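Engineer: Got a structure for you, run-v9.cif, holding mmCIF, C-alpha atoms and all ligand atoms.
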data_input
loop_
_atom_site.group_PDB
_atom_site.id
_atom_site.type_symbol
_atom_site.label_atom_id
_atom_site.label_comp_id
_atom_site.auth_asym_id
_atom_site.auth_seq_id
_atom_site.Cartn_x
_atom_site.Cartn_y
_atom_site.Cartn_z
ATOM 1 C CA MET T 1 198.262 129.425 -13.200
ATOM 2 C CA GLU T 2 197.830 127.959 -16.687
ATOM 3 C CA LYS T 3 195.503 124.973 -16.399
ATOM 4 C CA ILE T 4 195.999 121.775 -18.410
ATOM 5 C CA LYS T 5 193.009 121.451 -20.752
ATOM 6 C CA VAL T 6 191.712 117.895 -20.749
ATOM 7 C CA VAL T 7 189.277 115.962 -22.952
ATOM 8 C CA VAL T 8 187.937 112.695 -21.497
ATOM 9 C CA ALA T 9 186.799 109.913 -23.845
ATOM 10 C CA GLY T 10 184.317 107.502 -22.247
ATOM 11 C CA PRO T 11 182.888 109.829 -19.547
ATOM 12 C CA ARG T 12 179.923 107.561 -18.736
ATOM 13 C CA GLY T 13 182.112 104.501 -18.195
ATOM 14 C CA LYS T 14 183.291 103.281 -14.790
ATOM 15 C CA MET T 15 186.785 104.720 -15.256
ATOM 16 C CA GLY T 16 185.717 107.786 -17.249
ATOM 17 C CA ALA T 17 183.257 108.891 -14.545
ATOM 18 C CA GLU T 18 185.942 108.397 -11.877
ATOM 19 C CA ALA T 19 188.351 110.482 -13.972
ATOM 20 C CA LEU T 20 185.778 113.313 -14.171
ATOM 21 C CA ARG T 21 185.442 113.277 -10.361
ATOM 22 C CA MET T 22 189.241 113.420 -10.026
ATOM 23 C CA ILE T 23 189.586 116.291 -12.557
ATOM 24 C CA GLU T 24 186.827 118.264 -10.802
ATOM 25 C CA LYS T 25 188.954 118.308 -7.622
ATOM 26 C CA GLN T 26 192.193 119.511 -9.292
ATOM 27 C CA GLU T 27 192.958 123.234 -9.426
ATOM 28 C CA ASP T 28 195.404 122.817 -12.309
ATOM 29 C CA LEU T 29 193.153 120.746 -14.609
ATOM 30 C CA GLU T 30 190.221 121.917 -16.723
ATOM 31 C CA LEU T 31 187.777 119.573 -18.435
ATOM 32 C CA VAL T 32 187.189 121.238 -21.828
ATOM 33 C CA ALA T 33 185.141 118.504 -23.571
ATOM 34 C CA CYS T 34 184.208 114.830 -23.554
ATOM 35 C CA LEU T 35 183.970 112.203 -26.281
ATOM 36 C CA ASP T 36 181.126 109.718 -26.275
ATOM 37 C CA HIS T 37 179.263 107.740 -28.901
ATOM 38 C CA LYS T 38 176.005 109.457 -27.952
ATOM 39 C CA TYR T 39 174.636 112.667 -26.326
ATOM 40 C CA GLU T 40 176.233 115.022 -28.903
ATOM 41 C CA GLY T 41 176.052 118.635 -27.632
ATOM 42 C CA LYS T 42 174.869 117.754 -24.115
ATOM 43 C CA LYS T 43 176.713 119.068 -21.093
ATOM 44 C CA ILE T 44 178.227 116.568 -18.649
ATOM 45 C CA SER T 45 176.040 118.103 -15.927
ATOM 46 C CA GLU T 46 172.941 117.027 -17.892
ATOM 47 C CA ILE T 47 173.893 113.330 -17.645
ATOM 48 C CA ASP T 48 172.619 111.468 -14.571
ATOM 49 C CA GLU T 49 175.206 110.644 -11.917
ATOM 50 C CA LEU T 50 178.013 112.627 -13.572
ATOM 51 C CA PRO T 51 179.537 115.693 -11.848
ATOM 52 C CA ALA T 52 178.083 119.177 -12.380
ATOM 53 C CA MET T 53 180.640 120.134 -15.043
ATOM 54 C CA ASP T 54 179.964 122.400 -18.042
ATOM 55 C CA ALA T 55 182.083 120.511 -20.589
ATOM 56 C CA VAL T 56 180.210 119.567 -23.760
ATOM 57 C CA ILE T 57 180.044 116.074 -25.271
ATOM 58 C CA TYR T 58 181.218 115.464 -28.848
ATOM 59 C CA THR T 59 180.613 112.266 -30.784
ATOM 60 C CA ASP T 60 183.110 113.139 -33.531
ATOM 61 C CA ILE T 61 186.699 113.343 -32.344
ATOM 62 C CA GLN T 62 187.866 115.549 -35.236
ATOM 63 C CA LYS T 63 185.011 118.001 -34.634
ATOM 64 C CA CYS T 64 185.956 118.026 -30.954
ATOM 65 C CA PHE T 65 189.607 118.909 -31.632
ATOM 66 C CA ASP T 66 188.557 121.505 -34.268
ATOM 67 C CA SER T 67 186.196 123.153 -31.753
ATOM 68 C CA VAL T 68 188.112 123.156 -28.443
ATOM 69 C CA ASN T 69 191.653 123.936 -27.483
ATOM 70 C CA ALA T 70 192.893 120.759 -25.758
ATOM 71 C CA ASP T 71 196.267 119.754 -24.306
ATOM 72 C CA VAL T 72 195.549 116.169 -23.224
ATOM 73 C CA LEU T 73 193.122 113.404 -24.208
ATOM 74 C CA VAL T 74 192.408 110.869 -21.444
ATOM 75 C CA ASP T 75 191.072 107.741 -23.144
ATOM 76 C CA LEU T 76 189.094 105.195 -21.116
ATOM 77 C CA THR T 77 186.953 103.490 -23.744
ATOM 78 C CA THR T 78 187.365 100.246 -25.683
ATOM 79 C CA PRO T 79 190.373 98.748 -27.513
ATOM 80 C CA GLU T 80 188.894 99.613 -30.938
ATOM 81 C CA PHE T 81 188.024 103.239 -30.206
ATOM 82 C CA GLY T 82 190.923 103.830 -27.822
ATOM 83 C CA TYR T 83 193.343 103.108 -30.641
ATOM 84 C CA LEU T 84 191.520 105.388 -33.119
ATOM 85 C CA HIS T 85 191.238 108.180 -30.548
ATOM 86 C CA THR T 86 194.933 107.956 -29.653
ATOM 87 C CA LYS T 87 195.980 108.121 -33.286
ATOM 88 C CA THR T 88 193.692 111.067 -34.053
ATOM 89 C CA ALA T 89 194.837 112.938 -30.938
ATOM 90 C CA ILE T 90 198.519 112.621 -31.912
ATOM 91 C CA GLN T 91 197.685 113.802 -35.441
ATOM 92 C CA ASN T 92 195.980 116.868 -33.912
ATOM 93 C CA GLY T 93 198.840 117.688 -31.523
ATOM 94 C CA VAL T 94 196.851 116.592 -28.437
ATOM 95 C CA ARG T 95 198.783 114.418 -25.962
ATOM 96 C CA PRO T 96 197.040 111.119 -25.182
ATOM 97 C CA VAL T 97 196.985 109.537 -21.717
ATOM 98 C CA VAL T 98 195.593 106.089 -22.402
ATOM 99 C CA GLY T 99 194.206 103.703 -19.816
ATOM 100 C CA THR T 100 192.295 101.643 -22.356
ATOM 101 C CA THR T 101 193.765 98.143 -22.623
ATOM 102 C CA GLY T 102 193.754 95.518 -25.353
ATOM 103 C CA PHE T 103 195.930 97.218 -28.004
ATOM 104 C CA THR T 104 197.906 94.818 -30.222
ATOM 105 C CA ASP T 105 201.715 94.922 -30.449
ATOM 106 C CA GLU T 106 201.338 96.267 -34.004
ATOM 107 C CA GLN T 107 199.075 99.105 -32.818
ATOM 108 C CA LEU T 108 201.528 99.999 -30.044
ATOM 109 C CA GLU T 109 204.386 100.046 -32.559
ATOM 110 C CA GLU T 110 202.433 102.217 -34.982
ATOM 111 C CA LEU T 111 201.483 104.695 -32.238
ATOM 112 C CA THR T 112 205.100 104.786 -31.015
ATOM 113 C CA GLU T 113 206.288 105.683 -34.514
ATOM 114 C CA LEU T 114 203.563 108.294 -35.024
ATOM 115 C CA SER T 115 204.333 109.928 -31.668
ATOM 116 C CA GLU T 116 208.035 110.122 -32.545
ATOM 117 C CA GLU T 117 207.323 111.478 -36.028
ATOM 118 C CA LYS T 118 205.024 114.222 -34.658
ATOM 119 C CA GLY T 119 207.050 114.860 -31.458
ATOM 120 C CA ILE T 120 203.898 114.461 -29.360
ATOM 121 C CA GLY T 121 204.094 112.872 -25.894
ATOM 122 C CA VAL T 122 201.888 109.838 -25.215
ATOM 123 C CA ILE T 123 201.472 107.737 -22.077
ATOM 124 C CA ILE T 124 199.838 104.332 -22.386
ATOM 125 C CA ALA T 125 199.532 102.663 -18.985
ATOM 126 C CA PRO T 126 197.872 99.250 -18.645
ATOM 127 C CA ASN T 127 197.480 99.972 -14.941
ATOM 128 C CA PHE T 128 197.438 103.393 -13.234
ATOM 129 C CA ALA T 129 197.318 102.017 -9.671
ATOM 130 C CA LEU T 130 200.675 102.702 -8.029
ATOM 131 C CA GLY T 131 200.461 99.421 -6.095
ATOM 132 C CA ALA T 132 199.991 97.508 -9.343
ATOM 133 C CA VAL T 133 203.020 99.228 -10.889
ATOM 134 C CA LEU T 134 205.089 98.173 -7.851
ATOM 135 C CA MET T 135 203.669 94.632 -8.026
ATOM 136 C CA MET T 136 204.890 94.401 -11.641
ATOM 137 C CA GLN T 137 208.341 95.741 -10.714
ATOM 138 C CA PHE T 138 208.637 93.332 -7.760
ATOM 139 C CA ALA T 139 207.617 90.471 -10.059
ATOM 140 C CA LYS T 140 210.308 91.436 -12.563
ATOM 141 C CA TRP T 141 212.877 91.420 -9.763
ATOM 142 C CA ALA T 142 211.703 88.035 -8.404
ATOM 143 C CA ALA T 143 211.772 86.446 -11.873
ATOM 144 C CA LYS T 144 215.560 86.810 -11.947
ATOM 145 C CA TYR T 145 215.723 84.188 -9.188
ATOM 146 C CA PHE T 146 212.470 82.292 -9.790
ATOM 147 C CA PRO T 147 212.036 81.581 -13.525
ATOM 148 C CA ASP T 148 208.980 79.341 -12.994
ATOM 149 C CA VAL T 149 206.035 81.699 -12.813
ATOM 150 C CA GLU T 150 202.308 81.821 -13.525
ATOM 151 C CA ILE T 151 200.103 84.921 -13.569
ATOM 152 C CA ILE T 152 196.528 84.840 -12.303
ATOM 153 C CA GLU T 153 194.472 87.939 -13.079
ATOM 154 C CA LYS T 154 190.929 88.451 -11.790
ATOM 155 C CA HIS T 155 188.563 91.136 -13.074
ATOM 156 C CA HIS T 156 184.882 92.114 -13.112
ATOM 157 C CA ASP T 157 182.745 90.347 -15.710
ATOM 158 C CA ASN T 158 182.216 93.447 -17.904
ATOM 159 C CA LYS T 159 185.818 93.419 -19.056
ATOM 160 C CA LEU T 160 186.215 93.079 -22.838
ATOM 161 C CA ASP T 161 189.850 92.024 -23.148
ATOM 162 C CA ALA T 162 191.627 88.918 -21.838
ATOM 163 C CA PRO T 163 194.268 88.580 -20.641
ATOM 164 C CA SER T 164 194.292 91.951 -18.901
ATOM 165 C CA GLY T 165 196.703 94.652 -20.030
ATOM 166 C CA THR T 166 198.387 94.362 -16.638
ATOM 167 C CA ALA T 167 198.997 90.622 -17.041
ATOM 168 C CA VAL T 168 200.472 91.139 -20.509
ATOM 169 C CA LYS T 169 202.696 93.976 -19.242
ATOM 170 C CA THR T 170 203.814 91.843 -16.269
ATOM 171 C CA ALA T 171 204.770 88.992 -18.592
ATOM 172 C CA GLN T 172 206.646 91.418 -20.872
ATOM 173 C CA LEU T 173 208.615 92.820 -17.915
ATOM 174 C CA ILE T 174 209.439 89.289 -16.684
ATOM 175 C CA LYS T 175 210.483 88.318 -20.216
ATOM 176 C CA GLU T 176 213.153 91.048 -20.092
ATOM 177 C CA VAL T 177 214.997 89.207 -17.300
ATOM 178 C CA ARG T 178 213.956 85.552 -17.672
ATOM 179 C CA GLU T 179 215.329 83.125 -20.231
ATOM 180 C CA SER T 180 212.551 81.696 -22.379
ATOM 181 C CA LYS T 181 211.395 78.495 -20.707
ATOM 182 C CA LYS T 182 208.517 76.061 -21.234
ATOM 183 C CA GLN T 183 207.075 75.294 -17.820
ATOM 184 C CA GLY T 184 205.386 72.213 -16.444
ATOM 185 C CA HIS T 185 205.945 68.620 -17.566
ATOM 186 C CA PRO T 186 207.435 68.351 -21.090
ATOM 187 C CA ASP T 187 204.736 65.794 -21.973
ATOM 188 C CA GLU T 188 201.791 67.575 -20.351
ATOM 189 C CA LYS T 189 198.572 67.510 -22.396
ATOM 190 C CA GLU T 190 195.386 69.510 -21.967
ATOM 191 C CA THR T 191 192.439 67.121 -21.878
ATOM 192 C CA LEU T 192 190.183 70.201 -21.812
ATOM 193 C CA GLN T 193 191.363 73.007 -24.105
ATOM 194 C CA GLY T 194 192.567 76.084 -22.210
ATOM 195 C CA ALA T 195 193.100 74.237 -18.920
ATOM 196 C CA ARG T 196 196.692 75.490 -18.656
ATOM 197 C CA GLY T 197 195.833 79.082 -19.566
ATOM 198 C CA ALA T 198 197.386 81.351 -22.180
ATOM 199 C CA ASP T 199 201.076 81.012 -22.957
ATOM 200 C CA MET T 200 203.533 83.884 -23.261
ATOM 201 C CA ASP T 201 207.142 82.831 -23.731
ATOM 202 C CA GLY T 202 206.440 79.671 -21.701
ATOM 203 C CA MET T 203 204.722 81.570 -18.855
ATOM 204 C CA LYS T 204 201.076 80.766 -18.191
ATOM 205 C CA ILE T 205 198.444 83.487 -17.771
ATOM 206 C CA HIS T 206 195.048 82.650 -16.255
ATOM 207 C CA SER T 207 192.101 85.055 -16.516
ATOM 208 C CA MET T 208 189.125 84.989 -14.148
ATOM 209 C CA ARG T 209 185.968 87.113 -14.726
ATOM 210 C CA LEU T 210 183.393 87.365 -11.931
ATOM 211 C CA PRO T 211 180.831 89.859 -10.645
ATOM 212 C CA GLY T 212 182.054 91.577 -7.494
ATOM 213 C CA LEU T 213 185.682 91.763 -8.618
ATOM 214 C CA VAL T 214 187.361 95.039 -9.637
ATOM 215 C CA ALA T 215 191.008 94.375 -10.657
ATOM 216 C CA HIS T 216 193.300 91.865 -8.965
ATOM 217 C CA GLN T 217 196.463 89.994 -9.871
ATOM 218 C CA GLU T 218 198.720 87.387 -8.322
ATOM 219 C CA VAL T 219 202.131 86.506 -9.706
ATOM 220 C CA VAL T 220 203.064 83.106 -8.321
ATOM 221 C CA PHE T 221 206.687 81.926 -8.431
ATOM 222 C CA GLY T 222 207.675 78.323 -7.726
ATOM 223 C CA SER T 223 210.989 76.786 -6.755
ATOM 224 C CA LYS T 224 212.280 73.765 -4.858
ATOM 225 C CA GLY T 225 210.292 73.593 -1.634
ATOM 226 C CA GLU T 226 209.044 77.184 -1.770
ATOM 227 C CA ASN T 227 206.537 79.498 -3.440
ATOM 228 C CA LEU T 228 206.495 83.272 -3.593
ATOM 229 C CA THR T 229 203.250 85.124 -4.352
ATOM 230 C CA ILE T 230 203.160 88.826 -5.225
ATOM 231 C CA LYS T 231 199.612 90.127 -5.120
ATOM 232 C CA HIS T 232 197.807 93.378 -5.800
ATOM 233 C CA ASP T 233 194.126 94.296 -5.406
ATOM 234 C CA SER T 234 192.240 97.333 -6.635
ATOM 235 C CA PHE T 235 188.993 97.379 -4.649
ATOM 236 C CA HIS T 236 187.813 100.742 -6.052
ATOM 237 C CA ARG T 237 188.517 102.661 -9.258
ATOM 238 C CA GLU T 238 189.733 105.594 -7.153
ATOM 239 C CA SER T 239 192.931 103.503 -6.895
ATOM 240 C CA PHE T 240 193.771 104.401 -10.510
ATOM 241 C CA MET T 241 193.365 108.164 -10.209
ATOM 242 C CA THR T 242 196.716 109.122 -8.626
ATOM 243 C CA GLY T 243 198.337 107.535 -11.651
ATOM 244 C CA VAL T 244 195.990 109.241 -14.135
ATOM 245 C CA LYS T 245 196.801 112.662 -12.606
ATOM 246 C CA LEU T 246 200.522 111.915 -12.624
ATOM 247 C CA ALA T 247 200.343 110.839 -16.269
ATOM 248 C CA ILE T 248 198.463 114.020 -17.283
ATOM 249 C CA ASP T 249 201.177 116.156 -15.647
ATOM 250 C CA GLN T 250 204.059 114.140 -17.093
ATOM 251 C CA VAL T 251 202.745 113.776 -20.643
ATOM 252 C CA MET T 252 202.995 117.568 -20.988
ATOM 253 C CA LYS T 253 206.803 117.202 -20.685
ATOM 254 C CA LEU T 254 207.205 114.304 -23.133
ATOM 255 C CA ASP T 255 207.752 114.160 -26.887
ATOM 256 C CA ILE T 256 207.762 110.362 -27.248
ATOM 257 C CA LEU T 257 205.415 107.484 -26.363
ATOM 258 C CA VAL T 258 205.914 105.878 -22.953
ATOM 259 C CA TYR T 259 204.308 102.469 -22.306
ATOM 260 C CA GLY T 260 203.899 101.766 -18.587
ATOM 261 C CA LEU T 261 203.685 104.112 -15.626
ATOM 262 C CA GLU T 262 206.943 102.727 -14.172
ATOM 263 C CA ASN T 263 208.781 104.780 -16.814
ATOM 264 C CA ILE T 264 207.583 108.084 -15.356
ATOM 265 C CA LEU T 265 207.890 107.209 -11.666
ATOM 266 C CA GLU T 266 211.080 108.398 -9.916
HETATM 267 N N1 LIG T 301 194.878 101.571 -17.093
HETATM 268 C C1 LIG T 301 194.151 101.351 -16.007
HETATM 269 O O1 LIG T 301 194.585 101.548 -14.867
HETATM 270 C C2 LIG T 301 192.754 100.848 -16.180
HETATM 271 C C3 LIG T 301 191.910 100.659 -15.079
HETATM 272 C C4 LIG T 301 190.600 100.249 -15.304
HETATM 273 C C5 LIG T 301 190.175 100.019 -16.612
HETATM 274 N N2 LIG T 301 191.041 100.190 -17.638
HETATM 275 C C6 LIG T 301 190.625 100.055 -19.031
HETATM 276 O O2 LIG T 301 189.881 101.211 -19.355
HETATM 277 C C7 LIG T 301 188.890 100.893 -20.336
HETATM 278 C C8 LIG T 301 187.517 101.328 -19.801
HETATM 279 O O3 LIG T 301 187.207 100.578 -18.651
HETATM 280 P P1 LIG T 301 185.818 100.778 -17.878
HETATM 281 O O4 LIG T 301 185.809 99.763 -16.811
HETATM 282 O O5 LIG T 301 185.622 102.204 -17.565
HETATM 283 O O6 LIG T 301 184.792 100.320 -19.017
HETATM 284 P P2 LIG T 301 183.281 100.800 -19.241
HETATM 285 O O7 LIG T 301 182.675 99.802 -20.148
HETATM 286 O O8 LIG T 301 182.640 101.076 -17.937
HETATM 287 O O9 LIG T 301 183.449 102.201 -20.001
HETATM 288 C C9 LIG T 301 183.809 102.342 -21.342
HETATM 289 C C10 LIG T 301 183.082 103.540 -21.884
HETATM 290 O O10 LIG T 301 183.544 103.813 -23.196
HETATM 291 C C11 LIG T 301 182.448 104.322 -23.899
HETATM 292 N N3 LIG T 301 182.681 104.260 -25.333
HETATM 293 C C12 LIG T 301 182.563 103.192 -26.149
HETATM 294 N N4 LIG T 301 182.813 103.572 -27.418
HETATM 295 C C13 LIG T 301 183.086 104.889 -27.378
HETATM 296 C C14 LIG T 301 183.422 105.853 -28.370
HETATM 297 N N5 LIG T 301 183.478 105.530 -29.661
HETATM 298 N N6 LIG T 301 183.660 107.121 -27.982
HETATM 299 C C15 LIG T 301 183.586 107.460 -26.677
HETATM 300 N N7 LIG T 301 183.260 106.595 -25.710
HETATM 301 C C16 LIG T 301 183.013 105.331 -26.053
HETATM 302 C C17 LIG T 301 181.268 103.471 -23.439
HETATM 303 O O11 LIG T 301 180.038 104.127 -23.681
HETATM 304 C C18 LIG T 301 181.562 103.337 -21.961
HETATM 305 O O12 LIG T 301 180.894 104.348 -21.242
HETATM 306 C C19 LIG T 301 189.028 99.394 -20.580
HETATM 307 O O13 LIG T 301 189.849 99.187 -21.701
HETATM 308 C C20 LIG T 301 189.741 98.882 -19.351
HETATM 309 O O14 LIG T 301 190.496 97.728 -19.578
HETATM 310 C C21 LIG T 301 192.297 100.588 -17.444
HETATM 311 O O1 LIG T 302 188.723 97.048 -15.178
HETATM 312 C C1 LIG T 302 189.537 96.835 -16.088
HETATM 313 O O2 LIG T 302 189.187 96.529 -17.245
HETATM 314 C C2 LIG T 302 190.988 96.974 -15.819
HETATM 315 N N1 LIG T 302 191.795 96.870 -16.793
HETATM 316 C C3 LIG T 302 193.206 97.030 -16.726
HETATM 317 C C4 LIG T 302 193.911 95.844 -17.332
HETATM 318 O O3 LIG T 302 193.435 95.290 -18.343
HETATM 319 O O4 LIG T 302 194.973 95.472 -16.829
HETATM 320 C C5 LIG T 302 193.741 97.467 -15.399
HETATM 321 C C6 LIG T 302 192.918 97.084 -14.241
HETATM 322 C C7 LIG T 302 191.429 97.298 -14.459
#
Would you mind writing the file's structure down as structure tokens?
Structural biologist:
Amino acid sequence: MEKIKVVVAGPRGKMGAEALRMIEKQEDLELVACLDHKYEGKKISEIDELPAMDAVIYTDIQKCFDSVNADVLVDLTTPEFGYLHTKTAIQNGVRPVVGTTGFTDEQLEELTELSEEKGIGVIIAPNFALGAVLMMQFAKWAAKYFPDVEIIEKHHDNKLDAPSGTAVKTAQLIKEVRESKKQGHPDEKETLQGARGADMDGMKIHSMRLPGLVAHQEVVFGSKGENLTIKHDSFHRESFMTGVKLAIDQVMKLDILVYGLENILE
């Protein structure tokens, strides 16, 4: 069996380390290298608390792709480096599977064009948890009948981007079926800036950051005399790994960029 050769960017991070543990258990995946901003030349097995894997760490992405034969780059880093890594991977014919959130619309457009030009598959998924993907789909369905909606996302306090990629994706999916609408009282005024949250097409998005949280979202719909709440919780980062594995398998069959795991689920 030909194994899929994977490079993981961000191996010492919470998601990167979980991805290494997932890859270690798969017979059809091989970790061929990692990308970090330190520990050049060290093996993963030499880093405390990471699995006993032989893959070597590179700090220069171009050197990494020049030195190892890779099929897929799994990026779980930061918005700034995730974007650069994704671009460089496409340019080197390596298929990116990107969990990193916080890319701008312009960056997503540029990566979409580059992927099409090079014919290299890319999957960018703001949330790899299957329950979260379903939560977003259910919310899109509900928005057809309940156009008044607010999104509350709750994450751990080490998160760099706000709102979360999941909240933005949820609002984008709802926008596809909901007529643009300003919610609340037409004359409402914030007496404390930010009190009503961020605004996307009239929908409000509220971001909470607290220790103890992992990744949680509620989509709350309001109508006359009733409320509907669609809620998802990730209590452990293992929840994202089924989706990461699925994306690695599927990206091998793609030659365009796909944004959102719902597009590769049957
Ligand atoms: N799509 C999903 O399902 C999902 C789930 C959880 C987190 N995320 C996203 O994944 C990203 C990582 O999350 P996390 O919780 O693991 O964060 P983290 O801070 O624990 O890990 C990020 C890692 O990236 C590393 N890093 C920074 N710059 C780097 C560079 N230039 N090269 C290589 N590595 C570099 C850091 O050293 C760190 O170890 C975030 O953008 C987060 O929003 C996505
Ligand atoms: O822990 C994070 O950071 C997460 N980020 C994603 C997002 O921004 O939606 C997905 C859930 C976890």
Engineer: Could you list, as a list in words, every residue within 8 Å of Arg196 (chain T), counting only C-alpha atoms and ignoring same-chain residues fewer than 6 positions away?
Structural biologist: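 The neighbour list is Glu190, Lys204 and His206 of chain T.
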Engineer: What separation in Å, quoted to one decimal, exists between CA of Asp105 (chain T) and CA of Trp141 (chain T)?
Structural biologist: 23.8 Å
Engineer: Name the residues captured by the PyMOL selection byres (((not hetatm)) within 9 of (chain T and resi 301)) when it is applied to the shown file; answer as JSON, numbers by chain.
Structural biologist: {"T": [8, 9, 10, 11, 12, 13, 14, 15, 16, 17, 18, 34, 35, 36, 37, 38, 58, 59, 60, 61, 75, 76, 77, 78, 79, 80, 81, 82, 84, 85, 98, 99, 100, 101, 102, 103, 124, 125, 126, 127, 128, 129, 132, 156, 158, 159, 160, 161, 164, 165, 166, 214, 215, 237, 239, 240, 241, 243, 244]}
Engineer: Which is closest to Gly93 (chain T) among T:Pro163, T:Gly121, T:Gly212, T:Pro186, if we use all atoms listed in the file?
Structural biologist: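 Result for the nearest residue to Gly93 (chain T): T:Gly121.
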Engineer: Could you give me, as an MDAnalysis selection string, the residues within 12 Å of Pro147 (chain T), counting only C-alpha atoms and dropping anything in the same chain fewer than 2 positions from it?
Structural biologist: chainID T and resid 139:145 149:150 171 174:184 201:204 219:224 227:228
Engineer: Could you check which residues have any atom within 9 Å of (205.5, 115.9, -22.8), counting all atoms listed in the file with coordinates taken straight from the file, and then list them as a ChimeraX atom specification?
Structural biologist: /T:95,119-122,249-256
Engineer: Measuring between all atoms listed in the file, which one of T:Ser67, T:Ser207, T:Asn263, T:Ser45 shows the shortest distance to ligand LIG 302 (chain T)?
Structural biologist: T:Ser207
Engineer: Name the residues in contact with Leu210 (chain T) at a cut-off of 8 Å, using only C-alpha atoms, excluding same-chain residues fewer than 5 positions from it; report them as a PyMOL selection string.
Structural biologist: chain T and resi 154-157
Engineer: Here is a test: counting all atoms listed in the file, which residue of T:Ala162, T:Leu173, T:Ile4, T:Ile205 is nearest to ligand LIG 302 (chain T)?
Structural biologist: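 Counting all atoms listed in the file, the residue closest to ligand LIG 302 (chain T) is T:Ala162.
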Engineer: Mind pulling up the distance from CA of Asp148 (chain T) to CA of His185 (chain T)?
Structural biologist: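 Going from CA of His185 (chain T) over to CA of Asp148 (chain T), I get 12.0 Å.
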Engineer: Find, counting all atoms listed in the file, the residue in T:Ile44, T:Met136, T:Leu108, T:Leu246 that gets nearest to ligand LIG 302 (chain T).
Structural biologist: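 Distance minimum relative to ligand LIG 302 (chain T) lands on T:Met136.
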Engineer: Hey, can you check how far CA of Leu213 (chain T) sits from CA of His236 (chain T)?
Structural biologist: 9.6 Å
Engineer: Can you list, as an NGL selection string, every protein, DNA or RNA residue that comes within 9 Å of Leu111 (chain T) when you count only C-alpha atoms, leaving out same-chain residues fewer than 5 positions away?
Structural biologist: :T and (83 or 86-87 or 90 or 106 or 116 or 122 or 257)
Engineer: Given the selection you just returned, output its residues as a file containing C-alpha atoms, formatted as a CSV table (one decimal), keeping the file's coordinate frame.
Structural biologist:
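Contents of the output file part39.csv:
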chain,number,residue,atom,x,y,z
T,83,TYR,CA,193.3,103.1,-30.6
T,86,THR,CA,194.9,108.0,-29.7
T,87,LYS,CA,196.0,108.1,-33.3
T,90,ILE,CA,198.5,112.6,-31.9
T,106,GLU,CA,201.3,96.3,-34.0
T,116,GLU,CA,208.0,110.1,-32.5
T,122,VAL,CA,201.9,109.8,-25.2
T,257,LEU,CA,205.4,107.5,-26.4
Engineer: Closest to Glu113 (chain T) among T:Val258, T:Leu265, T:Asp28, T:Ile23, using all atoms listed in the file?
Structural biologist: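 Closest candidate: T:Val258.
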Engineer: Taking all atoms listed in the file into account, name the residue in T:Val133, T:Val6, T:Leu29, T:Ala195 that is nearest to ligand LIG 302 (chain T).
Structural biologist: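 Selected residue with least distance to ligand LIG 302 (chain T): T:Val133.
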